[in-house]
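Below: final_25.cif (mmCIF, C-alpha atoms and all ligand atoms)
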data_query
#
loop_
_atom_site.group_PDB
_atom_site.id
_atom_site.type_symbol
_atom_site.label_atom_id
_atom_site.label_comp_id
_atom_site.auth_asym_id
_atom_site.auth_seq_id
_atom_site.Cartn_x
_atom_site.Cartn_y
_atom_site.Cartn_z
ATOM 1 C CA MET A 5 -30.036 -10.290 -6.717
ATOM 2 C CA ASP A 6 -27.254 -7.910 -5.864
ATOM 3 C CA PHE A 7 -28.145 -5.332 -3.215
ATOM 4 C CA GLN A 8 -26.729 -1.877 -2.422
ATOM 5 C CA GLY A 9 -24.464 -1.426 0.568
ATOM 6 C CA THR A 10 -23.494 1.187 3.119
ATOM 7 C CA ILE A 11 -21.524 1.040 6.388
ATOM 8 C CA ARG A 12 -22.811 0.128 9.854
ATOM 9 C CA LYS A 13 -21.334 2.936 11.956
ATOM 10 C CA SER A 14 -19.409 6.190 11.642
ATOM 11 C CA VAL A 15 -15.611 6.117 11.456
ATOM 12 C CA THR A 16 -12.957 8.830 11.281
ATOM 13 C CA ALA A 17 -9.490 9.193 9.776
ATOM 14 C CA GLU A 18 -7.090 12.094 9.655
ATOM 15 C CA GLY A 19 -3.877 13.015 7.941
ATOM 16 C CA VAL A 20 -2.331 15.468 5.516
ATOM 17 C CA GLY A 21 -3.527 16.289 2.002
ATOM 18 C CA LEU A 22 -1.139 15.162 -0.723
ATOM 19 C CA HIS A 23 -1.510 18.346 -2.749
ATOM 20 C CA SER A 24 -2.548 20.946 -0.145
ATOM 21 C CA GLY A 25 -0.052 19.768 2.478
ATOM 22 C CA ARG A 26 -2.649 20.738 5.074
ATOM 23 C CA PRO A 27 -4.175 18.586 7.810
ATOM 24 C CA SER A 28 -7.628 17.173 7.200
ATOM 25 C CA ARG A 29 -10.075 14.798 8.797
ATOM 26 C CA ILE A 30 -12.851 12.713 7.284
ATOM 27 C CA THR A 31 -15.838 11.137 9.004
ATOM 28 C CA LEU A 32 -17.676 8.420 7.084
ATOM 29 C CA SER A 33 -21.290 7.717 8.046
ATOM 30 C CA PRO A 34 -24.029 5.370 6.808
ATOM 31 C CA ALA A 35 -26.352 6.704 4.100
ATOM 32 C CA PRO A 36 -29.663 5.436 2.686
ATOM 33 C CA ALA A 37 -30.097 3.479 -0.558
ATOM 34 C CA ASP A 38 -29.868 5.444 -3.814
ATOM 35 C CA SER A 39 -28.169 8.413 -2.109
ATOM 36 C CA GLY A 40 -24.762 7.509 -3.543
ATOM 37 C CA ILE A 41 -21.516 8.781 -2.086
ATOM 38 C CA VAL A 42 -21.879 12.381 -0.955
ATOM 39 C CA PHE A 43 -19.161 14.620 0.482
ATOM 40 C CA ARG A 44 -19.915 17.469 2.881
ATOM 41 C CA ALA A 45 -17.364 20.253 2.436
ATOM 42 C CA THR A 46 -15.845 22.528 5.069
ATOM 43 C CA ASP A 47 -17.240 25.801 3.680
ATOM 44 C CA PRO A 48 -19.630 27.856 5.869
ATOM 45 C CA HIS A 49 -22.660 26.362 4.104
ATOM 46 C CA ARG A 50 -21.377 22.819 4.658
ATOM 47 C CA THR A 51 -22.179 22.224 0.988
ATOM 48 C CA LEU A 52 -23.128 18.719 -0.066
ATOM 49 C CA ILE A 53 -21.135 17.519 -3.084
ATOM 50 C CA PRO A 54 -22.348 14.280 -4.680
ATOM 51 C CA ALA A 55 -19.429 12.212 -5.973
ATOM 52 C CA ARG A 56 -20.618 12.196 -9.559
ATOM 53 C CA GLN A 57 -19.114 12.893 -12.936
ATOM 54 C CA GLU A 58 -21.169 16.116 -13.103
ATOM 55 C CA THR A 59 -19.403 17.555 -10.050
ATOM 56 C CA VAL A 60 -15.816 16.984 -11.250
ATOM 57 C CA VAL A 61 -14.206 20.423 -11.437
ATOM 58 C CA ASP A 62 -10.530 19.487 -11.854
ATOM 59 C CA SER A 63 -8.773 16.332 -12.990
ATOM 60 C CA SER A 64 -5.147 17.418 -13.212
ATOM 61 C CA PHE A 65 -3.028 15.083 -11.040
ATOM 62 C CA ALA A 66 -6.007 14.172 -8.820
ATOM 63 C CA THR A 67 -9.794 14.224 -8.923
ATOM 64 C CA THR A 68 -11.439 17.289 -7.386
ATOM 65 C CA ILE A 69 -15.203 17.598 -7.041
ATOM 66 C CA GLY A 70 -17.129 20.755 -6.231
ATOM 67 C CA VAL A 71 -20.458 22.563 -6.106
ATOM 68 C CA ASN A 72 -20.951 26.364 -5.950
ATOM 69 C CA GLY A 73 -17.278 27.020 -5.190
ATOM 70 C CA ALA A 74 -17.042 24.450 -2.371
ATOM 71 C CA ARG A 75 -14.472 21.776 -3.210
ATOM 72 C CA VAL A 76 -13.004 18.501 -2.038
ATOM 73 C CA ARG A 77 -9.689 17.402 -3.563
ATOM 74 C CA THR A 78 -8.214 13.965 -4.174
ATOM 75 C CA VAL A 79 -11.271 11.786 -3.671
ATOM 76 C CA GLU A 80 -10.149 8.903 -5.927
ATOM 77 C CA HIS A 81 -8.477 6.495 -3.479
ATOM 78 C CA LEU A 82 -11.385 6.609 -1.032
ATOM 79 C CA MET A 83 -13.821 6.249 -3.941
ATOM 80 C CA ALA A 84 -11.907 3.210 -5.234
ATOM 81 C CA ALA A 85 -11.998 1.498 -1.829
ATOM 82 C CA ALA A 86 -15.731 2.140 -1.424
ATOM 83 C CA ALA A 87 -16.518 0.883 -4.940
ATOM 84 C CA ALA A 88 -14.420 -2.256 -4.541
ATOM 85 C CA LEU A 89 -16.023 -3.125 -1.204
ATOM 86 C CA GLY A 90 -19.557 -2.645 -2.535
ATOM 87 C CA ILE A 91 -20.258 0.488 -0.492
ATOM 88 C CA ASP A 92 -22.640 2.400 -2.777
ATOM 89 C CA ASN A 93 -23.989 4.900 -0.239
ATOM 90 C CA LEU A 94 -21.924 6.971 2.152
ATOM 91 C CA LEU A 95 -21.762 10.420 3.710
ATOM 92 C CA VAL A 96 -18.187 11.740 3.887
ATOM 93 C CA GLU A 97 -17.809 14.835 6.068
ATOM 94 C CA VAL A 98 -14.539 16.590 5.342
ATOM 95 C CA GLU A 99 -12.753 18.980 7.687
ATOM 96 C CA GLY A 100 -10.165 20.508 5.390
ATOM 97 C CA GLU A 101 -9.955 20.885 1.635
ATOM 98 C CA GLU A 102 -8.606 17.490 0.677
ATOM 99 C CA ILE A 103 -9.020 13.821 1.557
ATOM 100 C CA PRO A 104 -5.979 12.808 3.661
ATOM 101 C CA ALA A 105 -3.262 11.102 1.629
ATOM 102 C CA MET A 106 -2.684 8.515 4.387
ATOM 103 C CA ASP A 107 0.095 6.266 2.997
ATOM 104 C CA GLY A 108 -0.629 7.209 -0.632
ATOM 105 C CA SER A 109 -2.659 4.073 -1.305
ATOM 106 C CA ALA A 110 -6.243 2.902 -0.758
ATOM 107 C CA ARG A 111 -5.268 0.406 1.955
ATOM 108 C CA PRO A 112 -6.032 2.703 4.935
ATOM 109 C CA PHE A 113 -9.488 3.404 3.462
ATOM 110 C CA VAL A 114 -10.130 -0.324 3.052
ATOM 111 C CA SER A 115 -9.221 -0.798 6.732
ATOM 112 C CA LEU A 116 -11.460 2.107 7.724
ATOM 113 C CA LEU A 117 -14.434 0.711 5.786
ATOM 114 C CA TYR A 118 -13.894 -2.767 7.236
ATOM 115 C CA ALA A 119 -13.769 -1.226 10.730
ATOM 116 C CA ALA A 120 -17.108 0.472 10.018
ATOM 117 C CA GLY A 121 -18.639 -2.828 8.848
ATOM 118 C CA LYS A 122 -20.822 -3.323 5.816
ATOM 119 C CA ALA A 123 -24.623 -3.103 5.905
ATOM 120 C CA THR A 124 -26.654 -4.460 3.016
ATOM 121 C CA LEU A 125 -29.652 -2.353 2.068
ATOM 122 C CA GLY A 126 -32.859 -3.849 0.718
ATOM 123 C CA VAL A 127 -32.625 -2.067 -2.618
ATOM 124 C CA PRO A 128 -31.114 -3.705 -5.711
ATOM 125 C CA ARG A 129 -28.001 -2.391 -7.393
ATOM 126 C CA HIS A 130 -28.340 -1.608 -11.108
ATOM 127 C CA PRO A 131 -25.048 -2.061 -12.927
ATOM 128 C CA LEU A 132 -24.346 -0.275 -16.196
ATOM 129 C CA VAL A 133 -24.014 -3.084 -18.728
ATOM 130 C CA ILE A 134 -21.696 -2.081 -21.559
ATOM 131 C CA THR A 135 -23.215 -3.212 -24.865
ATOM 132 C CA ASP A 136 -20.995 -1.364 -27.374
ATOM 133 C CA PRO A 137 -17.271 -0.490 -27.365
ATOM 134 C CA ILE A 138 -16.521 3.045 -26.184
ATOM 135 C CA ARG A 139 -13.069 4.556 -26.692
ATOM 136 C CA VAL A 140 -11.369 7.808 -25.664
ATOM 137 C CA GLY A 141 -7.817 9.067 -26.161
ATOM 138 C CA ASP A 142 -5.327 8.918 -29.018
ATOM 139 C CA ASP A 143 -2.677 6.539 -30.383
ATOM 140 C CA ALA A 144 -0.346 7.025 -27.405
ATOM 141 C CA ARG A 145 -2.810 7.046 -24.512
ATOM 142 C CA TRP A 146 -6.234 5.538 -24.523
ATOM 143 C CA LEU A 147 -9.056 3.911 -22.614
ATOM 144 C CA GLN A 148 -11.511 1.550 -24.223
ATOM 145 C CA ILE A 149 -14.392 -0.310 -22.611
ATOM 146 C CA LEU A 150 -15.775 -3.454 -24.230
ATOM 147 C CA PRO A 151 -18.774 -5.650 -23.455
ATOM 148 C CA ALA A 152 -18.027 -8.329 -20.823
ATOM 149 C CA ASP A 153 -19.996 -10.191 -18.179
ATOM 150 C CA GLU A 154 -17.701 -8.982 -15.374
ATOM 151 C CA PHE A 155 -15.773 -5.824 -14.474
ATOM 152 C CA ARG A 156 -12.267 -6.307 -15.764
ATOM 153 C CA VAL A 157 -9.291 -3.973 -16.314
ATOM 154 C CA SER A 158 -6.311 -4.701 -18.575
ATOM 155 C CA TYR A 159 -3.745 -1.941 -18.232
ATOM 156 C CA THR A 160 -0.450 -1.235 -19.968
ATOM 157 C CA LEU A 161 1.827 1.445 -18.570
ATOM 158 C CA ASP A 162 4.753 2.306 -20.823
ATOM 159 C CA VAL A 163 7.081 4.917 -19.370
ATOM 160 C CA ASN A 164 10.525 5.554 -20.764
ATOM 161 C CA HIS A 165 12.289 5.439 -17.398
ATOM 162 C CA PRO A 166 14.528 2.663 -16.039
ATOM 163 C CA ALA A 167 12.555 2.425 -12.776
ATOM 164 C CA VAL A 168 9.201 2.012 -14.520
ATOM 165 C CA GLY A 169 9.454 0.713 -18.104
ATOM 166 C CA ILE A 170 6.597 -1.377 -19.473
ATOM 167 C CA GLN A 171 4.220 -2.801 -16.890
ATOM 168 C CA ALA A 172 1.072 -4.699 -17.922
ATOM 169 C CA LEU A 173 -1.599 -6.367 -15.786
ATOM 170 C CA SER A 174 -5.102 -7.695 -16.227
ATOM 171 C CA PHE A 175 -7.529 -8.274 -13.355
ATOM 172 C CA THR A 176 -11.162 -9.123 -12.815
ATOM 173 C CA CYS A 177 -11.718 -6.490 -10.165
ATOM 174 C CA THR A 178 -13.483 -8.298 -7.335
ATOM 175 C CA GLU A 179 -13.290 -7.123 -3.727
ATOM 176 C CA ARG A 180 -10.681 -9.839 -2.987
ATOM 177 C CA VAL A 181 -8.502 -8.851 -5.952
ATOM 178 C CA PHE A 182 -8.727 -5.175 -5.008
ATOM 179 C CA VAL A 183 -7.734 -5.814 -1.405
ATOM 180 C CA ASP A 184 -4.905 -8.241 -2.233
ATOM 181 C CA GLU A 185 -3.529 -6.861 -5.486
ATOM 182 C CA LEU A 186 -4.387 -3.177 -5.865
ATOM 183 C CA ALA A 187 -5.306 -1.362 -2.635
ATOM 184 C CA SER A 188 -1.744 -1.116 -1.314
ATOM 185 C CA ALA A 189 -0.230 0.376 -4.474
ATOM 186 C CA ARG A 190 0.862 3.929 -3.741
ATOM 187 C CA THR A 191 0.691 7.212 -5.615
ATOM 188 C CA TYR A 192 3.905 7.995 -7.439
ATOM 189 C CA GLY A 193 5.657 10.929 -8.991
ATOM 190 C CA PHE A 194 8.944 11.925 -10.519
ATOM 191 C CA LEU A 195 11.434 13.962 -8.501
ATOM 192 C CA LYS A 196 12.185 16.155 -11.528
ATOM 193 C CA ASP A 197 8.535 17.314 -11.561
ATOM 194 C CA VAL A 198 8.255 18.194 -7.872
ATOM 195 C CA GLY A 199 9.420 21.815 -8.279
ATOM 196 C CA THR A 200 6.921 22.547 -11.060
ATOM 197 C CA LEU A 201 4.135 20.787 -9.205
ATOM 198 C CA ARG A 202 4.731 22.742 -6.017
ATOM 199 C CA ARG A 203 4.840 26.045 -7.905
ATOM 200 C CA ASN A 204 1.367 25.087 -9.169
ATOM 201 C CA GLY A 205 0.085 24.354 -5.676
ATOM 202 C CA LEU A 206 0.398 20.580 -6.025
ATOM 203 C CA ALA A 207 2.237 17.834 -4.146
ATOM 204 C CA LYS A 208 2.890 20.121 -1.158
ATOM 205 C CA GLY A 209 2.109 17.258 1.220
ATOM 206 C CA GLY A 210 3.934 14.619 -0.833
ATOM 207 C CA SER A 211 6.821 12.760 0.782
ATOM 208 C CA LEU A 212 8.400 9.320 0.904
ATOM 209 C CA ASP A 213 5.790 8.513 3.579
ATOM 210 C CA ASN A 214 2.857 8.840 1.193
ATOM 211 C CA ALA A 215 4.245 8.457 -2.326
ATOM 212 C CA VAL A 216 6.714 6.502 -4.380
ATOM 213 C CA VAL A 217 9.212 9.076 -5.585
ATOM 214 C CA VAL A 218 11.142 8.243 -8.741
ATOM 215 C CA GLY A 219 14.592 9.795 -9.075
ATOM 216 C CA ARG A 220 16.744 10.081 -12.190
ATOM 217 C CA ARG A 221 17.482 6.383 -12.359
ATOM 218 C CA ALA A 222 15.765 4.658 -9.452
ATOM 219 C CA VAL A 223 13.028 4.793 -6.843
ATOM 220 C CA LEU A 224 14.080 6.819 -3.784
ATOM 221 C CA ASN A 225 11.924 4.881 -1.295
ATOM 222 C CA SER A 226 13.556 1.984 0.517
ATOM 223 C CA SER A 227 11.345 -0.527 -1.278
ATOM 224 C CA LEU A 228 8.316 -1.029 -3.494
ATOM 225 C CA ARG A 229 5.236 -2.897 -2.283
ATOM 226 C CA TYR A 230 4.935 -4.669 -5.635
ATOM 227 C CA ARG A 231 7.514 -4.935 -8.386
ATOM 228 C CA ASP A 232 4.937 -3.332 -10.687
ATOM 229 C CA GLU A 233 3.388 -0.985 -8.113
ATOM 230 C CA PHE A 234 3.022 1.816 -10.701
ATOM 231 C CA VAL A 235 0.567 0.062 -13.012
ATOM 232 C CA ARG A 236 -1.345 -1.238 -9.992
ATOM 233 C CA HIS A 237 -1.827 2.328 -8.770
ATOM 234 C CA LYS A 238 -3.020 3.365 -12.234
ATOM 235 C CA ILE A 239 -5.715 0.656 -12.054
ATOM 236 C CA LEU A 240 -6.650 1.802 -8.521
ATOM 237 C CA ASP A 241 -7.064 5.396 -9.738
ATOM 238 C CA LEU A 242 -9.140 4.225 -12.696
ATOM 239 C CA ILE A 243 -11.483 2.262 -10.415
ATOM 240 C CA GLY A 244 -11.869 5.338 -8.185
ATOM 241 C CA ASP A 245 -12.645 7.648 -11.100
ATOM 242 C CA LEU A 246 -15.052 5.150 -12.681
ATOM 243 C CA ALA A 247 -16.964 5.072 -9.381
ATOM 244 C CA LEU A 248 -18.153 8.601 -10.260
ATOM 245 C CA LEU A 249 -20.670 6.889 -12.555
ATOM 246 C CA GLY A 250 -22.543 6.084 -9.336
ATOM 247 C CA ARG A 251 -23.264 2.524 -10.439
ATOM 248 C CA PRO A 252 -21.097 -0.559 -10.962
ATOM 249 C CA VAL A 253 -20.010 -1.256 -14.525
ATOM 250 C CA LEU A 254 -20.066 -4.571 -16.342
ATOM 251 C CA GLY A 255 -17.426 -4.263 -19.020
ATOM 252 C CA HIS A 256 -13.752 -4.792 -19.817
ATOM 253 C CA ILE A 257 -11.540 -1.705 -19.802
ATOM 254 C CA VAL A 258 -8.395 -1.868 -21.900
ATOM 255 C CA ALA A 259 -6.071 1.004 -21.031
ATOM 256 C CA ARG A 260 -2.713 2.434 -21.971
ATOM 257 C CA ASN A 261 -0.964 5.345 -20.223
ATOM 258 C CA ALA A 262 -4.159 7.046 -19.100
ATOM 259 C CA GLY A 263 -4.557 9.507 -16.226
ATOM 260 C CA HIS A 264 -7.310 11.262 -14.340
ATOM 261 C CA ALA A 265 -8.278 13.581 -17.223
ATOM 262 C CA LEU A 266 -8.661 10.658 -19.630
ATOM 263 C CA ASN A 267 -10.441 8.579 -16.976
ATOM 264 C CA HIS A 268 -13.037 11.333 -16.730
ATOM 265 C CA GLU A 269 -13.368 11.478 -20.515
ATOM 266 C CA LEU A 270 -14.295 7.790 -20.436
ATOM 267 C CA VAL A 271 -16.747 8.329 -17.579
ATOM 268 C CA ALA A 272 -18.339 11.182 -19.558
ATOM 269 C CA ALA A 273 -18.498 9.050 -22.725
ATOM 270 C CA ILE A 274 -20.139 6.159 -20.846
ATOM 271 C CA SER A 275 -22.658 8.580 -19.274
ATOM 272 C CA GLU A 276 -23.407 10.054 -22.666
ATOM 273 C CA PHE A 277 -23.888 6.620 -24.208
ATOM 274 C CA PHE A 278 -26.412 5.624 -21.569
ATOM 275 C CA SER A 279 -28.292 8.925 -21.640
ATOM 276 C CA ASP A 280 -28.443 8.858 -25.484
ATOM 277 C CA ASN A 281 -29.862 5.370 -25.297
ATOM 278 C CA GLY A 282 -32.603 6.366 -22.903
ATOM 279 C CA HIS A 283 -31.298 4.580 -19.820
ATOM 280 C CA ALA A 284 -32.196 6.102 -16.491
ATOM 281 C CA GLY A 285 -29.827 7.033 -13.731
ATOM 282 C CA VAL A 286 -26.924 8.629 -15.552
ATOM 283 C CA THR A 287 -27.106 12.152 -16.894
ATOM 284 C CA ALA A 288 -25.373 13.832 -19.757
ATOM 285 C CA ARG A 289 -22.382 15.978 -20.574
ATOM 286 C CA PRO A 290 -19.949 17.063 -17.881
ATOM 287 C CA ALA A 291 -18.547 20.507 -17.326
ATOM 288 C CA LEU A 292 -14.913 19.569 -16.941
ATOM 289 C CA SER A 293 -12.494 22.382 -16.349
ATOM 290 C CA HIS A 294 -9.329 20.351 -16.189
ATOM 291 C CA ARG A 295 -5.837 21.250 -17.343
ATOM 292 C CA ALA A 296 -5.656 24.485 -15.418
ATOM 293 C CA THR A 297 -2.244 23.185 -14.335
ATOM 294 C CA PRO A 298 0.404 21.320 -16.381
ATOM 295 C CA VAL A 299 -0.895 18.380 -18.353
ATOM 296 C CA PRO A 300 0.229 15.147 -16.645
ATOM 297 C CA LEU A 301 2.926 13.201 -18.410
ATOM 298 C CA PRO A 302 2.286 9.550 -19.168
ATOM 299 C CA GLY A 303 2.830 7.568 -16.043
ATOM 300 C CA ILE A 304 2.215 10.294 -13.517
ATOM 301 C CA ALA A 305 -0.602 9.005 -11.388
ATOM 302 C CA ALA A 306 -1.510 11.603 -8.852
ATOM 303 C CA LEU A 307 1.575 13.638 -8.033
HETATM 304 ZN ZN ZN B 401 -3.877 7.865 -7.145
#
Could you quickly redo this structure as structure tokens?
Amino acid sequence: MDFQGTIRKSVTAEGVGLHSGRPSRITLSPAPADSGIVFRATDPHRTLIPARQETVVDSSFATTIGVNGARVRTVEHLMAAAAALGIDNLLVEVEGEEIPAMDGSARPFVSLLYAAGKATLGVPRHPLVITDPIRVGDDARWLQILPADEFRVSYTLDVNHPAVGIQALSFTCTERVFVDELASARTYGFLKDVGTLRRNGLAKGGSLDNAVVVGRRAVLNSSLRYRDEFVRHKILDLIGDLALLGRPVLGHIVARNAGHALNHELVAAISEFFSDNGHAGVTARPALSHRATPVPLPGIAAL
């Protein structure tokens, strides 16, 4: 039997938001079984925002969740770390409007969760078992999930740029694989897009300290953490967005050039499949209001 987890004690991290450019602080605290991951926003009402597909209010360049006008931006890297480490239940109090970018990867959140320690709760986890293929996207960019007896991701990133090119990887996404192979992969963006992004209120906190920046021909950072860091970050983002289902998934995702908006389409399609088939625990159609800002180009992860 596989049991739900939370953390043992409260922990805090602070930094600057990738998109807002403003300082923020998060405090993670233990939460009871079946409560899921819940954010508490900064607004005067200290609104509680469950990290669920139904609360996604924006998916352009990052995942933003909100309730009644209160919002928390860029939750995906923290969500990915929690999901990979088996932390199903967590209270995340946010001072600021965005989760801190830290170094642009999920590694600092993995360290934070390990510092908090894991507590196993006496309530079983109920994975969503994929029984039929589900596909979203078009011929150029797609996500498909297929039946499998483990959670696996096979991702192809194909970007017509000499610093990126075609990168393909396939992982069974265990905690060990996430920590060793995916958590350290950083957000990336293209220098040519920075002006447009900033005019749209995005990437204001982005720098070489928290993102891989791709110039006209090469990466501007001194080095990459992995030769194929870009596709690894795409898988990290996908794991974080999929965590908005609120339950682990048993299935094999095959992906090409997806992004947050498409990730959420898959999450919505999976939710719809399970609600149509009378399964408990996942509710129906989302109210996505994405694409208020420029539609991400293939290969742009979060910037
Ligand atoms: Zn990301």
(message) I need the residue nearest ligand ZN 401 (chain B) from this list: A:Phe65, A:Tyr230, A:Tyr118, A:Phe194. Use only C-alpha atoms and all ligand atoms for the distance.
(response)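 The answer is A:Phe65, which sits nearest to ligand ZN 401 (chain B).
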Write out as a tab-separated table a residue-level contact list of chain A versus ligand ZN 401 (chain B) with cut-off 9 Å: for each qualifying residue the closest pair of atoms and the distance in Å to one decimal, counting only C-alpha atoms and all ligand atoms, rows sorted by chain and residue number upward.
residue	atom	partner	partner_atom	distance
A:Phe65	CA	B:ZN401	ZN	8.2
A:Ala66	CA	B:ZN401	ZN	6.9
A:Thr67	CA	B:ZN401	ZN	8.9
A:Thr78	CA	B:ZN401	ZN	8.1
A:Glu80	CA	B:ZN401	ZN	6.5
A:His81	CA	B:ZN401	ZN	6.0
A:Gly108	CA	B:ZN401	ZN	7.3
A:Ser109	CA	B:ZN401	ZN	7.1
A:Ala110	CA	B:ZN401	ZN	8.4
A:Ala189	CA	B:ZN401	ZN	8.7
A:Arg190	CA	B:ZN401	ZN	7.0
A:Thr191	CA	B:ZN401	ZN	4.9
A:Tyr192	CA	B:ZN401	ZN	7.8
A:His237	CA	B:ZN401	ZN	6.1
A:Lys238	CA	B:ZN401	ZN	6.8
A:Ile239	CA	B:ZN401	ZN	8.9
A:Leu240	CA	B:ZN401	ZN	6.8
A:Asp241	CA	B:ZN401	ZN	4.8
A:Leu242	CA	B:ZN401	ZN	8.5
A:Gly244	CA	B:ZN401	ZN	8.4
A:His264	CA	B:ZN401	ZN	8.7
A:Ala305	CA	B:ZN401	ZN	5.5
A:Ala306	CA	B:ZN401	ZN	4.7
A:Leu307	CA	B:ZN401	ZN	8.0
(request) Go ahead and compute the interatomic distance for CA of Ala105 (chain A) and CA of Thr16 (chain A), in Å to one decimal. (result) 13.9 Å
(request) Select, from A:Thr200, A:Asn164, A:Ser158, A:Ser275, the residue with the minimum atom-to-atom distance to Ile243 (chain A), counting all atoms listed in the file. (result)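 Checking each of A:Thr200, A:Asn164, A:Ser158, A:Ser275 against Ile243 (chain A), counting all atoms listed in the file, the winner is A:Ser158.
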(request) Could you jot down the CA of Arg44 (chain A) to CA of Glu97 (chain A) separation for me, Å, one decimal place? (result)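 Between CA of Arg44 (chain A) and CA of Glu97 (chain A) the gap works out to 4.6 Å.
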Residues selected by the PyMOL selection byres (((chain A and resi 259) around 6) and not hetatm), written as a PDB file with C-alpha atoms, in the frame of the given file:
ATOM      1  CA  TRP A 146      -6.234   5.538 -24.523  1.00  0.00           C
ATOM      2  CA  LEU A 147      -9.056   3.911 -22.614  1.00  0.00           C
ATOM      3  CA  TYR A 159      -3.745  -1.941 -18.232  1.00  0.00           C
ATOM      4  CA  VAL A 258      -8.395  -1.868 -21.900  1.00  0.00           C
ATOM      5  CA  ARG A 260      -2.713   2.434 -21.971  1.00  0.00           C
TER       6      ARG A 260
END
(request) Would you mind telling me which residue in A:Val168, A:Val223, A:Leu94, A:Ile69 lies nearest to Ile53 (chain A) when using only C-alpha atoms? (result)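 Smallest distance to Ile53 (chain A) is found for A:Ile69.
Taking only C-alpha atoms into account, Ala144 (chain A) lies nearest to A:Leu266 out of the set A:Leu266, A:Thr68, A:Phe7, A:Ser188.
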Dump as CSV the rows for residues of region 26-101 of chain A within 12 Å of region 174-177 of chain A: closest atom pair and distance in Å with one decimal, all atoms listed in the file counted, ordered by chain and rising residue number.
residue,atom,partner,partner_atom,distance
A:Ala84,CA,A:Cys177,CA,10.9
A:Ala85,CA,A:Cys177,CA,11.5
A:Ala87,CA,A:Cys177,CA,10.2
A:Ala88,CA,A:Cys177,CA,7.5
A:Leu89,CA,A:Cys177,CA,10.5
A:Gly90,CA,A:Cys177,CA,11.6
Box dimensions and centre (Å, one decimal) enclosing region 131-143 of chain A, axis-aligned, 6 Å extra per side, as AutoDock Vina command-line options:
--center_x -13.9 --center_y 2.9 --center_z -21.7 --size_x 34.4 --size_y 24.3 --size_z 29.5
(request) Rounded to one decimal place, report the CA of Asn214 (chain A)-CA of Ala172 (chain A) distance in Å. (result)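 Separation between CA of Asn214 (chain A) and CA of Ala172 (chain A): 23.5 Å.
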